[in-house]
Each structure stands twice: as structure tokens, then as C-alpha cells.
Amino acid sequence: MNQELKDKRINDLIALFTKGQIDKCIRQGKKVLKMYPNEPFLFNILGITHAAKGLFAESLNYYEKAIDLNPSYFEVFNNMGVAYNDWKKPKEAIPCLKKAIGIQPSYAEAFNNIGNSYKELSDFDNAVISYKKAIDLAPTYTDALCNLGICWSLQEKYEQAEAVYKKALEIDPGNIKPSLLLANSYIKKRDFKRCI
């Protein structure tokens, strides 16, 4: 097997996905998978692309095959959790995300995603714990900061929410998401002057 050619084919798939050419990535990915049927990454990327199209059952099948080939592939467990969250099945997401964390305890993204699951279940205490853990592991993780702020805002803890939105803006001043969330918090408090 020519490893260089295999790597090129995989990198081409990643490039297609990154450019948003999901259908082409799926078609090409299936062809490459026939050449390398024991490559867990190919099942993972096909899982991601199917989830991106809202084909969650199919994506989960691909993820399961990746895990069969590599049971310690923690990113796949995370991706399964994200697919379940996107499929509006947060209860099913949590065990997948806990498996990812069990394999890789420093995986901030999985802590953020499990926080999203808890938030969807209105379990704000566990959501806050998960987001804080993600931030402890990756202090510049602006998505986790924003998600923590959203969680606090849902509990009407606007001052705490605003503090993390401001921290996210300090980390990434060009990121519009914390700006919009901060403005939304001011609106909820009817502090319209600060929205401007």
C-alpha cells in the first residue's frame, strides 16, 4: 500500500469538506473507502458528512464502523454525541460524549458538547459544570465561553453571562457571536443604551 497516495486521498477529502462540498466529499469518500476499507478515519469523515446533511442514522452507522476498527477513537465518540445533539436526542448524546471524555479526559470539545446536551435537557447545573471544565482545559475556547453565557442567561444570571461574553470578546475581538449575545443580554435586561 502506498501511504503517500492514501494520505493524499484523505487530505483531498478533508479539503472538499472544508470547502463545503459535502455531496462531492461523500461520493469521493465512498470511493476511497472501497480502496481502504479498514481505515477508521474514512468512516469518521463519512459520518461527519452524512450528519452535515441531516442524515443522522447513516452518520451513526459510519461512526459505529469507525469504532469497531478503533475502539479508542475518542473523536468519533464526540462526533456521535454531536450527531445525536443535532438530531435533537441529547439523552443519547451524553453516553457517547462521556466515552470520549473517558478515553481522553483533556478533550475540551467533548466537555463543551456534553454541556450542550445538558443545556438542551434544561439541566443547567451539569451544563455549567461541563462548560467550566471545557474552559479550564482550553481557556481561550470562545464557543464554550459563549455557551456558558447562554446557559447563565437562560437562568437569568445576566451579570455572569455578560462577564463571559466580554471575556470571549477579549480573546477574539473579531468574533461576532459574543457581541450579539452580549447585546441580547442587555436587551433582556431592558438596558437598551448599552446595546448601541
# chains A, B, ... in the order shown; residues from 1 in each chain; ligands from 1
>>> residues_around(residues="Phe77 of chain A", least_positions_apart="3", cutoff="9 Å", atoms="only C-alpha atoms", output="tab-separated table (two decimals) with C-alpha atoms, in the first residue's frame")
chain	number	residue	atom	x	y	z
A	63	TYR	CA	-19.30	6.14	13.33
A	64	GLU	CA	-20.05	2.66	14.69
A	67	ILE	CA	-15.29	2.48	16.47
A	72	SER	CA	-10.23	4.25	21.40
A	73	TYR	CA	-11.04	6.77	18.63
A	74	PHE	CA	-12.34	9.39	21.03
A	80	MET	CA	-21.57	10.68	17.60
A	81	GLY	CA	-22.61	12.88	20.51
A	82	VAL	CA	-22.76	15.93	18.25
A	95	PRO	CA	-23.11	8.47	26.92
A	96	CYS	CA	-21.17	8.98	23.67
A	97	LEU	CA	-19.61	12.18	24.95
A	98	LYS	CA	-18.77	10.57	28.29
A	99	LYS	CA	-16.97	7.79	26.39
A	100	ALA	CA	-14.92	10.41	24.53
A	101	ILE	CA	-14.01	12.05	27.85
A	110	ALA	CA	-16.37	16.91	24.34
>>> atom_distance(atom1="atom CA of Met35 of chain A", atom2="atom CA of Ile103 of chain A")
29.0 Å
>>> closest_residue(among="A:Ala108, A:Ala15, A:Leu181, A:Ile48", to="Leu137 of chain A", atoms="only C-alpha atoms")
A:Ala108
>>> residues_around(residues="segment 51-57 of chain A", least_positions_apart="6", cutoff="8 Å", atoms="only C-alpha atoms", output="NGL selection string")
:A and (22 or 83-84 or 87)
>>> atom_distance(atom1="atom CA of Ile26 of chain A", atom2="atom CA of Leu46 of chain A")
6.2 Å
>>> select_by_dssp(residues="segment 54-134 of chain A", states="helix (DSSP H, G or I)", output="ChimeraX atom specification")
/A:56-69,74-86,90-103,108-120,124-134
>>> residues_around(residues="Lys30 of chain A", least_positions_apart="5", cutoff="12 Å", atoms="only C-alpha atoms", output="list in words")
Arg9, Ile10, Leu13, Asp23, Lys24, Cys25, Met35, Tyr36, Pro37, Glu39, Leu42, Phe43, Asn44, Ile45, Leu46, Gly47, Thr49, His50 and Tyr62 of chain A
>>> closest_residue(among="A:Ile187, A:Leu60, A:Cys146, A:Ile135", to="Ala163 of chain A", atoms="only C-alpha atoms")
A:Cys146
>>> closest_residue(among="A:Leu5, A:Ile114, A:Leu16, A:Val164", to="Pro139 of chain A", atoms="only C-alpha atoms")
A:Val164
>>> atom_distance(atom1="atom CA of Leu180 of chain A", atom2="atom CA of Ala161 of chain A")
12.3 Å
>>> residues_around(residues="Glu162 of chain A", least_positions_apart="3", cutoff="7 Å", atoms="only C-alpha atoms", output="PyMOL selection string")
chain A and resi 149+158-159+165-166+182+185
>>> closest_residue(among="A:Gly29, A:Asn116, A:Val76, A:Phe111", to="Lys89 of chain A", atoms="only C-alpha atoms")
A:Asn116
